[in-house]
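Visitor: What follows is entry20.cif, mmCIF, C-alpha atoms.
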```
data_data
loop_
_atom_site.group_PDB
_atom_site.id
_atom_site.type_symbol
_atom_site.label_atom_id
_atom_site.label_comp_id
_atom_site.auth_asym_id
_atom_site.auth_seq_id
_atom_site.Cartn_x
_atom_site.Cartn_y
_atom_site.Cartn_z
ATOM 1 C CA MET A 1 -76.787 -60.075 80.512
ATOM 2 C CA LEU A 2 -77.029 -63.829 79.848
ATOM 3 C CA ASP A 3 -80.834 -63.697 79.783
ATOM 4 C CA SER A 4 -80.746 -60.789 77.305
ATOM 5 C CA THR A 5 -78.331 -62.647 75.053
ATOM 6 C CA GLN A 6 -80.447 -65.822 75.152
ATOM 7 C CA GLN A 7 -83.566 -63.817 74.287
ATOM 8 C CA THR A 8 -81.706 -62.261 71.364
ATOM 9 C CA VAL A 9 -80.604 -65.690 70.128
ATOM 10 C CA LEU A 10 -84.171 -67.046 70.344
ATOM 11 C CA LYS A 11 -85.461 -63.975 68.508
ATOM 12 C CA GLN A 12 -82.937 -64.494 65.727
ATOM 13 C CA GLU A 13 -83.772 -68.197 65.417
ATOM 14 C CA LYS A 14 -87.399 -67.195 64.857
ATOM 15 C CA GLU A 15 -86.259 -64.527 62.408
ATOM 16 C CA ILE A 16 -84.413 -67.160 60.370
ATOM 17 C CA GLU A 17 -87.584 -69.249 60.063
ATOM 18 C CA THR A 18 -89.595 -66.167 59.120
ATOM 19 C CA LEU A 19 -87.057 -65.194 56.459
ATOM 20 C CA ARG A 20 -87.011 -68.723 55.028
ATOM 21 C CA THR A 21 -90.804 -68.703 54.807
ATOM 22 C CA GLN A 22 -90.784 -65.324 53.082
ATOM 23 C CA ILE A 23 -88.174 -66.528 50.578
ATOM 24 C CA LEU A 24 -90.300 -69.549 49.642
ATOM 25 C CA GLU A 25 -93.481 -67.471 49.385
ATOM 26 C CA LYS A 26 -91.821 -64.905 47.108
ATOM 27 C CA GLN A 27 -90.328 -67.637 44.934
ATOM 28 C CA ARG A 28 -93.678 -69.425 44.577
ATOM 29 C CA TYR A 29 -95.484 -66.180 43.779
ATOM 30 C CA ILE A 30 -93.014 -65.065 41.133
ATOM 31 C CA HIS A 31 -92.646 -68.527 39.578
ATOM 32 C CA SER A 32 -96.433 -68.923 39.287
ATOM 33 C CA HIS A 33 -96.753 -65.671 37.355
ATOM 34 C CA ILE A 34 -93.720 -66.442 35.212
ATOM 35 C CA ASP A 35 -95.393 -69.745 34.285
ATOM 36 C CA LEU A 36 -98.577 -67.824 33.495
ATOM 37 C CA ALA A 37 -96.620 -65.404 31.304
ATOM 38 C CA ILE A 38 -95.050 -68.328 29.436
ATOM 39 C CA ASP A 39 -98.499 -69.845 28.797
ATOM 40 C CA LEU A 40 -99.804 -66.508 27.524
ATOM 41 C CA CYS A 41 -96.766 -66.150 25.275
ATOM 42 C CA GLU A 42 -97.256 -69.628 23.822
ATOM 43 C CA SER A 43 -100.875 -68.756 23.065
ATOM 44 C CA GLU A 44 -99.621 -65.506 21.469
ATOM 45 C CA ASN A 45 -101.566 -63.435 23.981
ATOM 46 C CA TYR A 46 -98.779 -60.888 24.261
ATOM 47 C CA ASP A 47 -100.777 -58.010 25.742
ATOM 48 C CA ASP A 48 -101.926 -60.091 28.718
ATOM 49 C CA MET A 49 -98.421 -61.511 29.071
ATOM 50 C CA THR A 50 -96.956 -58.000 29.328
ATOM 51 C CA THR A 51 -99.625 -56.983 31.828
ATOM 52 C CA SER A 52 -98.977 -60.062 33.949
ATOM 53 C CA ILE A 53 -95.233 -59.421 34.100
ATOM 54 C CA SER A 54 -95.618 -55.698 34.811
ATOM 55 C CA SER A 55 -98.402 -55.912 37.378
ATOM 56 C CA HIS A 56 -97.280 -58.999 39.260
ATOM 57 C CA VAL A 57 -93.658 -59.968 38.749
ATOM 58 C CA LYS A 58 -91.940 -56.571 38.512
ATOM 59 C CA ARG A 59 -94.177 -54.845 41.048
ATOM 60 C CA ASN A 60 -93.810 -57.604 43.628
ATOM 61 C CA TYR A 61 -90.139 -58.329 43.045
ATOM 62 C CA PRO A 62 -88.254 -56.282 45.681
ATOM 63 C CA ASP A 63 -84.755 -54.850 45.458
ATOM 64 C CA SER A 64 -82.058 -57.453 45.063
ATOM 65 C CA PHE A 65 -78.893 -56.762 47.049
ATOM 66 C CA CYS A 66 -76.950 -60.036 46.826
ATOM 67 C CA LYS A 67 -77.141 -63.648 45.660
ATOM 68 C CA ASN A 68 -77.466 -65.134 49.144
ATOM 69 C CA ALA A 69 -81.249 -65.553 49.522
ATOM 70 C CA LEU A 70 -81.290 -65.360 53.324
ATOM 71 C CA LEU A 71 -79.140 -62.226 53.570
ATOM 72 C CA ASN A 72 -80.963 -60.632 50.647
ATOM 73 C CA THR A 73 -84.358 -61.168 52.309
ATOM 74 C CA LEU A 74 -83.029 -59.905 55.653
ATOM 75 C CA LEU A 75 -81.778 -56.711 53.984
ATOM 76 C CA GLN A 76 -85.120 -56.253 52.251
ATOM 77 C CA GLU A 77 -87.012 -56.578 55.538
ATOM 78 C CA LYS A 78 -84.709 -54.212 57.436
ATOM 79 C CA LYS A 79 -84.989 -51.679 54.617
ATOM 80 C CA VAL A 80 -88.778 -51.746 54.937
ATOM 81 C CA ILE A 81 -88.461 -51.035 58.681
ATOM 82 C CA ALA A 82 -85.953 -48.246 58.017
ATOM 83 C CA ASP A 83 -88.177 -46.717 55.326
ATOM 84 C CA GLN A 84 -91.001 -46.475 57.866
ATOM 85 C CA SER A 85 -88.752 -44.250 60.004
ATOM 86 C CA LYS A 86 -87.624 -42.262 56.930
ATOM 87 C CA ILE A 87 -84.098 -43.660 57.117
ATOM 88 C CA GLN A 88 -82.303 -43.881 53.775
ATOM 89 C CA CYS A 89 -80.541 -47.212 53.250
ATOM 90 C CA ARG A 90 -77.593 -47.736 50.949
ATOM 91 C CA PHE A 91 -76.492 -51.353 50.611
ATOM 92 C CA ARG A 92 -73.518 -52.422 48.491
ATOM 93 C CA ILE A 93 -73.018 -56.123 49.085
ATOM 94 C CA ILE A 94 -70.149 -58.083 47.531
ATOM 95 C CA LEU A 95 -69.736 -61.628 48.849
ATOM 96 C CA PRO A 96 -66.911 -64.153 48.456
ATOM 97 C CA GLU A 97 -67.597 -67.128 46.224
ATOM 98 C CA HIS A 98 -68.085 -69.631 49.062
ATOM 99 C CA PHE A 99 -69.936 -67.277 51.406
ATOM 100 C CA ASP A 100 -72.655 -69.881 52.105
ATOM 101 C CA SER A 101 -70.124 -72.406 53.343
ATOM 102 C CA TYR A 102 -68.134 -69.884 55.402
ATOM 103 C CA PHE A 103 -71.141 -68.525 57.308
ATOM 104 C CA SER A 104 -74.131 -70.470 58.633
ATOM 105 C CA ASP A 105 -77.680 -69.122 58.326
ATOM 106 C CA PHE A 106 -77.693 -68.410 62.051
ATOM 107 C CA THR A 107 -74.400 -66.506 61.860
ATOM 108 C CA ILE A 108 -75.589 -64.433 58.901
ATOM 109 C CA THR A 109 -78.832 -63.536 60.661
ATOM 110 C CA SER A 110 -77.175 -62.813 64.028
ATOM 111 C CA LEU A 111 -74.478 -60.624 62.514
ATOM 112 C CA PHE A 112 -76.457 -58.489 60.076
ATOM 113 C CA SER A 113 -79.659 -58.355 62.118
ATOM 114 C CA ASN A 114 -77.807 -56.988 65.148
ATOM 115 C CA LEU A 115 -75.823 -54.506 63.056
ATOM 116 C CA LEU A 116 -78.893 -53.133 61.294
ATOM 117 C CA ASP A 117 -81.165 -53.171 64.360
ATOM 118 C CA ASN A 118 -78.550 -51.151 66.238
ATOM 119 C CA ALA A 119 -78.234 -48.704 63.340
ATOM 120 C CA ILE A 120 -82.002 -48.251 63.048
ATOM 121 C CA GLU A 121 -82.277 -47.685 66.808
ATOM 122 C CA ALA A 122 -79.446 -45.119 66.693
ATOM 123 C CA CYS A 123 -81.211 -43.250 63.868
ATOM 124 C CA ARG A 124 -84.486 -43.222 65.788
ATOM 125 C CA LEU A 125 -82.723 -41.546 68.724
ATOM 126 C CA CYS A 126 -81.739 -38.609 66.527
ATOM 127 C CA ASP A 127 -83.538 -35.262 66.576
ATOM 128 C CA PRO A 128 -87.018 -35.795 65.041
ATOM 129 C CA SER A 129 -86.457 -32.756 62.816
ATOM 130 C CA GLN A 130 -83.421 -34.357 61.169
ATOM 131 C CA THR A 131 -84.258 -35.315 57.592
ATOM 132 C CA ASP A 132 -81.000 -36.858 56.408
ATOM 133 C CA LEU A 133 -80.971 -40.062 58.486
ATOM 134 C CA PHE A 134 -79.030 -42.810 56.756
ATOM 135 C CA ILE A 135 -77.585 -46.298 57.024
ATOM 136 C CA SER A 136 -74.757 -47.259 54.685
ATOM 137 C CA LEU A 137 -73.704 -50.915 54.630
ATOM 138 C CA THR A 138 -70.870 -52.217 52.465
ATOM 139 C CA THR A 139 -69.302 -55.657 52.306
ATOM 140 C CA ASP A 140 -66.284 -56.741 50.305
ATOM 141 C CA PHE A 141 -63.497 -59.304 50.391
ATOM 142 C CA ARG A 142 -59.776 -59.267 49.717
ATOM 143 C CA ALA A 143 -57.691 -62.416 49.643
ATOM 144 C CA ASN A 144 -58.944 -64.369 52.661
ATOM 145 C CA MET A 145 -60.506 -61.405 54.493
ATOM 146 C CA PHE A 146 -64.229 -60.605 54.506
ATOM 147 C CA ILE A 147 -64.913 -56.942 55.308
ATOM 148 C CA VAL A 148 -68.112 -55.428 56.677
ATOM 149 C CA TYR A 149 -68.288 -51.643 56.956
ATOM 150 C CA MET A 150 -71.341 -49.766 58.167
ATOM 151 C CA GLN A 151 -71.981 -46.130 58.949
ATOM 152 C CA ASN A 152 -75.203 -44.666 60.306
ATOM 153 C CA SER A 153 -76.646 -41.482 61.720
ATOM 154 C CA LYS A 154 -76.667 -41.027 65.491
ATOM 155 C CA ASN A 155 -77.610 -38.443 68.072
ATOM 156 C CA SER A 156 -74.513 -36.405 68.878
ATOM 157 C CA ASN A 157 -75.587 -36.388 72.543
ATOM 158 C CA GLU A 158 -75.454 -40.193 72.665
ATOM 159 C CA ILE A 159 -71.834 -41.068 73.406
ATOM 160 C CA PHE A 160 -70.619 -44.594 72.725
ATOM 161 C CA THR A 161 -68.367 -45.767 75.557
ATOM 162 C CA HIS A 162 -68.490 -49.532 74.935
ATOM 163 C CA HIS A 163 -70.685 -50.266 77.935
ATOM 164 C CA THR A 164 -72.385 -53.639 78.021
ATOM 165 C CA THR A 165 -75.998 -52.881 78.879
ATOM 166 C CA LYS A 166 -78.725 -51.219 76.902
ATOM 167 C CA LYS A 167 -79.350 -48.852 79.831
ATOM 168 C CA GLU A 168 -75.766 -47.591 79.698
ATOM 169 C CA SER A 169 -75.445 -47.339 75.931
ATOM 170 C CA HIS A 170 -78.214 -46.581 73.435
ATOM 171 C CA VAL A 171 -75.967 -46.402 70.382
ATOM 172 C CA LEU A 172 -75.379 -50.157 70.376
ATOM 173 C CA HIS A 173 -77.409 -52.639 72.410
ATOM 174 C CA GLY A 174 -75.021 -54.358 74.811
ATOM 175 C CA HIS A 175 -76.089 -57.935 74.136
ATOM 176 C CA GLY A 176 -76.179 -57.280 70.371
ATOM 177 C CA LEU A 177 -72.671 -55.866 70.518
ATOM 178 C CA THR A 178 -71.454 -58.898 72.454
ATOM 179 C CA ILE A 179 -72.937 -61.272 69.877
ATOM 180 C CA ILE A 180 -71.252 -59.397 67.015
ATOM 181 C CA GLU A 181 -67.875 -59.436 68.772
ATOM 182 C CA ASP A 182 -68.241 -63.147 69.580
ATOM 183 C CA ILE A 183 -68.932 -63.940 65.927
ATOM 184 C CA VAL A 184 -65.945 -61.907 64.758
ATOM 185 C CA SER A 185 -63.677 -63.606 67.304
ATOM 186 C CA GLN A 186 -64.743 -67.024 65.975
ATOM 187 C CA TYR A 187 -63.260 -65.994 62.638
ATOM 188 C CA HIS A 188 -60.074 -64.613 64.241
ATOM 189 C CA GLY A 189 -61.077 -61.150 63.094
ATOM 190 C CA THR A 190 -61.221 -57.658 64.515
ATOM 191 C CA CYS A 191 -63.923 -55.112 65.387
ATOM 192 C CA LYS A 192 -63.544 -51.378 65.171
ATOM 193 C CA TRP A 193 -66.225 -49.036 66.524
ATOM 194 C CA LEU A 194 -65.924 -45.310 65.911
ATOM 195 C CA ASP A 195 -68.162 -42.604 67.361
ATOM 196 C CA GLN A 196 -68.019 -39.646 64.954
ATOM 197 C CA LYS A 197 -70.456 -37.456 66.930
ATOM 198 C CA ASN A 198 -73.234 -37.250 64.306
ATOM 199 C CA SER A 199 -72.554 -40.701 62.886
ATOM 200 C CA PHE A 200 -71.299 -44.083 64.024
ATOM 201 C CA SER A 201 -69.012 -46.432 62.092
ATOM 202 C CA SER A 202 -68.554 -50.176 62.443
ATOM 203 C CA GLU A 203 -65.733 -52.016 60.686
ATOM 204 C CA LEU A 204 -65.532 -55.797 60.988
ATOM 205 C CA LEU A 205 -62.836 -58.035 59.527
ATOM 206 C CA PHE A 206 -63.261 -61.809 59.263
ATOM 207 C CA GLN A 207 -60.473 -64.194 58.420
ATOM 208 C CA LEU A 208 -61.648 -66.804 55.919
ATOM 209 C CA PRO A 209 -60.031 -70.167 55.244
ATOM 210 C CA ASN A 210 -57.661 -70.344 52.313
ATOM 211 C CA ASP A 211 -59.257 -72.345 49.507
#
```
Would you mind writing the file's structure down as structure tokens?
Guide:
Amino acid sequence: MLDSTQQTVLKQEKEIETLRTQILEKQRYIHSHIDLAIDLCESENYDDMTTSISSHVKRNYPDSFCKNALLNTLLQEKKVIADQSKIQCRFRIILPEHFDSYFSDFTITSLFSNLLDNAIEACRLCDPSQTDLFISLTTDFRANMFIVYMQNSKNSNEIFTHHTTKKESHVLHGHGLTIIEDIVSQYHGTCKWLDQKNSFSSELLFQLPND
């Protein structure tokens, strides 16, 4: 169990570096073509300016889900993986004003990567003929509480019994579940897992400091 958790942590540390690199690459790419568009505009070459914006900036600018660059890029990457398995993703992300100071990059990656990896795995275990696979992730905040709610498709034959090893439970990876619960406990919050036969719900509450 400890080895699995350590491997997960190392994987997520690498994922953070990968996400940071992707953020910088996307920013450089978009900024370079915005600069080009500005130059074309100043030279009154409007047709080429429009072409540059349409063919480069808009086409290569992925969906934006939130203002936090790391979380936004993570959601983009997980959506690409889900799309490959024909899983529909619905993300509605509302973050508190000081989200960046409440949660470290490692915490953000560990929390949302584990949640979404588990959801994608659960969807993949469904009947191959099922065409309505989905992952719905919503975040919100009220007063000093940050709320994460996720629901995803699952195989009705896979029963979640809160076991702690991947062999015993396919709905949630044991070490991933432990990491999520550890993070929530650090914020004096609560976890609620609900097996709804054809879907699985996760509700996490985090207590934030009073500003």
Visitor: With distances taken over only C-alpha atoms, which residue among A:Leu75, A:Gln196, A:Asn68, A:Leu115 lies nearest Ser101 of chain A?
Guide: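 Checking each candidate against Ser101 of chain A, we get A:Asn68 as the closest.
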Visitor: Given the PyMOL selection byres ((chain A and resi 203-205) around 9) and the file above, list the residues it selects as a list in words.
Guide: Met145, Phe146, Ile147, Val148, Tyr149, Met150, Gln151, Glu181, Val184, Tyr187, His188, Gly189, Thr190, Cys191, Lys192, Trp193, Leu194, Ser201, Ser202, Phe206 and Gln207 of chain A
Visitor: Excluding same-chain residues fewer than 5 positions from Phe65 of chain A, what lies within 8 Å of it counting only C-alpha atoms, as a VMD selection string?
Guide: chain A and resid 72 75 91 to 93
Visitor: Can you tell me which residues surround Ala122 of chain A at a distance of at most 12 Å, considering only C-alpha atoms, apart from same-chain residues fewer than 4 positions away, and format the answer as a PyMOL selection string?
Guide: chain A and resi 82+85+87+115-118+126-127+133-135+151-160+166+169-173+195+197-201
Visitor: Atom CA of Cys66 of chain A to atom CA of Asp182 of chain A: how many Å, to one decimal?
Guide: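 Between these atoms lies a distance of 24.6 Å.
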Visitor: Compare A:Leu111, A:Cys123, A:Gln84, A:Lys79 by their minimum atom-to-atom distance to Thr178 of chain A, counting all atoms listed in the file, and give me the closest one.
Guide: A:Leu111
Visitor: From the list A:Ala143, A:Leu125, A:Leu95, A:Ala119, which residue is nearest Gly176 of chain A when using all atoms listed in the file?
Guide: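 Going through A:Ala143, A:Leu125, A:Leu95, A:Ala119 one by one, the smallest distance to Gly176 of chain A is for A:Ala119.
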Visitor: Go through A:Asp83, A:Glu42, A:Glu121, A:Glu17 one by one, measure the shortest atom-to-atom distance of each to Leu70 of chain A using all atoms listed in the file, and give the residue with the smallest value.
Guide: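 Under the stated criterion, the closest residue is A:Glu17.
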Visitor: Please measure the separation of atom CA of Phe112 of chain A and atom CA of Gln76 of chain A, giving the value in Å to one decimal.
Guide: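 Result for atom CA of Phe112 of chain A versus atom CA of Gln76 of chain A: 11.9 Å, one decimal.
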Visitor: What's the separation between atom CA of Glu77 of chain A and atom CA of Ser110 of chain A, in Å to one decimal place?
Guide: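 Atom CA of Ser110 of chain A lies at a distance of 14.4 Å from atom CA of Glu77 of chain A.
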Visitor: Could you give me the centre and size, in Å to one decimal, of an axis-aligned box around all listed atoms of segment 77-94 of chain A with 6 Å added on every side, as AutoDock Vina command-line options?
Guide:
```
--center_x -80.6 --center_y -50.2 --center_z 53.8 --size_x 32.9 --size_y 27.8 --size_z 24.5
```
